[in-house]
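This report concerns only the one structure given below.
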Amino acid sequence: LTAAFLGTTVFGGQAFLSGCTSRREALGTLTDKDIPLLNALGEAILPATSKSPGAGTDRVGKFVLSVVKDCYREEEAQIFESGIRTLQQDAKERYGTDFGNLNPEDQTKLLTQYDKEAREHEDRDEPHFYSMLLQLTIWGFFISEPGATQALRYNPTPGRFEGCIPYEKGQA
């Protein structure tokens, strides 16, 4: 569904289809300390509105971290991590502070540059980290409870099953 929603492939998708045939060490240098940055990026990508929460929840940051560390191939994880570090460094060089401390306008300016770069990168064989970040943020947000119940039209299973209901002739 994510691929259909984004109109592209999902990086790391083969891990979901192939199953867990072998256990391997978690990849990369991303840690729980990076969750606030991933949350800030999520909120900048899908900000809160009057009708729904944003993607800056702790769940989205943890989800992104988990997928990158546990599901991406080593090359994909390295591309993602390198891109995140570069983005953070760009924020510090341009604005003198971390991405999470930037005002929303400056966050948007910076992410717009990376979005343009990712679109120009589409024809290459290797993914761009920003495309990965967008996919993971959207996916993580809409499978989270706030995303599924507040941002989407949530329709829980209607009632419980009652198999023994008296039937009167003529009822449909």
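Residues in the structure tokens are numbered from 1 in each chain, the chains being A, B, ... in the order shown, and ligands are numbered from 1 in the order shown.
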
Which residues are near stretch 55-72 of chain A? Cut-off 8 Å, only C-alpha atoms, ignore same chain within fewer than 2 positions. Put them as an mmCIF file with C-alpha atoms, in the first residue's frame.
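Full text of around.cif as output:
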data_model
loop_
_atom_site.group_PDB
_atom_site.id
_atom_site.type_symbol
_atom_site.label_atom_id
_atom_site.label_comp_id
_atom_site.auth_asym_id
_atom_site.auth_seq_id
_atom_site.Cartn_x
_atom_site.Cartn_y
_atom_site.Cartn_z
ATOM 1 C CA PHE A 11 13.290 0.393 -0.220
ATOM 2 C CA GLY A 12 14.052 -2.587 1.964
ATOM 3 C CA ALA A 15 13.043 -8.028 3.838
ATOM 4 C CA PHE A 16 9.298 -8.081 4.414
ATOM 5 C CA ALA A 26 21.546 -4.603 13.650
ATOM 6 C CA LEU A 27 23.235 -2.261 11.198
ATOM 7 C CA GLY A 28 24.618 1.202 11.439
ATOM 8 C CA LEU A 30 21.759 5.242 14.354
ATOM 9 C CA THR A 31 20.699 4.875 17.976
ATOM 10 C CA ASP A 32 17.850 5.845 20.269
ATOM 11 C CA ILE A 35 14.845 9.431 17.635
ATOM 12 C CA PRO A 36 14.261 13.154 18.441
ATOM 13 C CA LEU A 37 15.811 14.080 15.071
ATOM 14 C CA LEU A 38 13.678 11.479 13.279
ATOM 15 C CA ASN A 39 10.621 12.823 15.120
ATOM 16 C CA ALA A 40 11.449 16.394 14.074
ATOM 17 C CA LEU A 41 11.886 15.271 10.478
ATOM 18 C CA GLY A 42 8.572 13.417 10.662
ATOM 19 C CA GLU A 43 6.776 16.477 11.994
ATOM 20 C CA ALA A 44 8.283 18.660 9.255
ATOM 21 C CA ILE A 45 7.164 16.173 6.590
ATOM 22 C CA LEU A 46 3.650 15.556 8.000
ATOM 23 C CA PRO A 47 2.891 18.451 10.368
ATOM 24 C CA ALA A 48 -0.002 18.529 12.787
ATOM 25 C CA PRO A 53 -1.770 15.000 14.760
ATOM 26 C CA GLU A 74 23.640 -2.702 4.703
ATOM 27 C CA GLU A 75 24.026 -0.457 1.629
ATOM 28 C CA GLU A 76 20.567 1.045 2.120
ATOM 29 C CA ALA A 77 21.158 1.654 5.832
ATOM 30 C CA PHE A 80 20.043 6.555 4.888
ATOM 31 C CA LEU A 133 12.770 9.036 4.828
ATOM 32 C CA LEU A 136 9.211 5.480 6.247
ATOM 33 C CA THR A 137 7.590 8.581 7.736
ATOM 34 C CA ILE A 138 4.343 8.133 5.809
ATOM 35 C CA GLY A 140 5.097 4.776 10.169
ATOM 36 C CA PHE A 141 2.568 7.539 10.717
ATOM 37 C CA SER A 144 0.436 4.317 14.233
ATOM 38 C CA GLY A 147 -2.373 8.266 12.231
#

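Excluding A:Gln113 itself and same-chain residues fewer than 5 positions from it, the residues having an atom within 12 Å of it are Leu87, Asp90, Ala91, Asp106, Gln107, Thr108, Ala118, Arg119, Glu120 and Tyr130 of chain A, counting only C-alpha atoms.
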
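Residues surrounding A:Lys51 within 12 Å are Pro47, Pro146, Gly147, Thr149, Gln150, Ala151, Leu152 and Arg153 of chain A [only C-alpha atoms; sequence separation below 4 positions excluded].
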
Quiz item: How many Å separate atom CA of A:Arg85 from atom CA of A:Glu105?
Solution: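 Separating atom CA of A:Arg85 from atom CA of A:Glu105 is a distance of 20.4 Å.
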
Quiz item: What is the distance, in Å and to one decimal place, between atom CA of A:Pro156 and atom CA of A:Ser52?
Solution: 17.8 Å

Quiz prompt | Separation of atom CA of A:Ile79 from atom CA of A:Phe129 in Å | solution = 5.9 Å

Exercise. Could you give me, as a PyMOL selection string, each residue of stretch 1-159 of chain A that DSSP assigns to helix (DSSP H, G or I) when run on this structure's backbone?
Key: chain A and resi 2-6+13-18+32-45+58-70+74-95+99-101+104-120+129-143+145-151
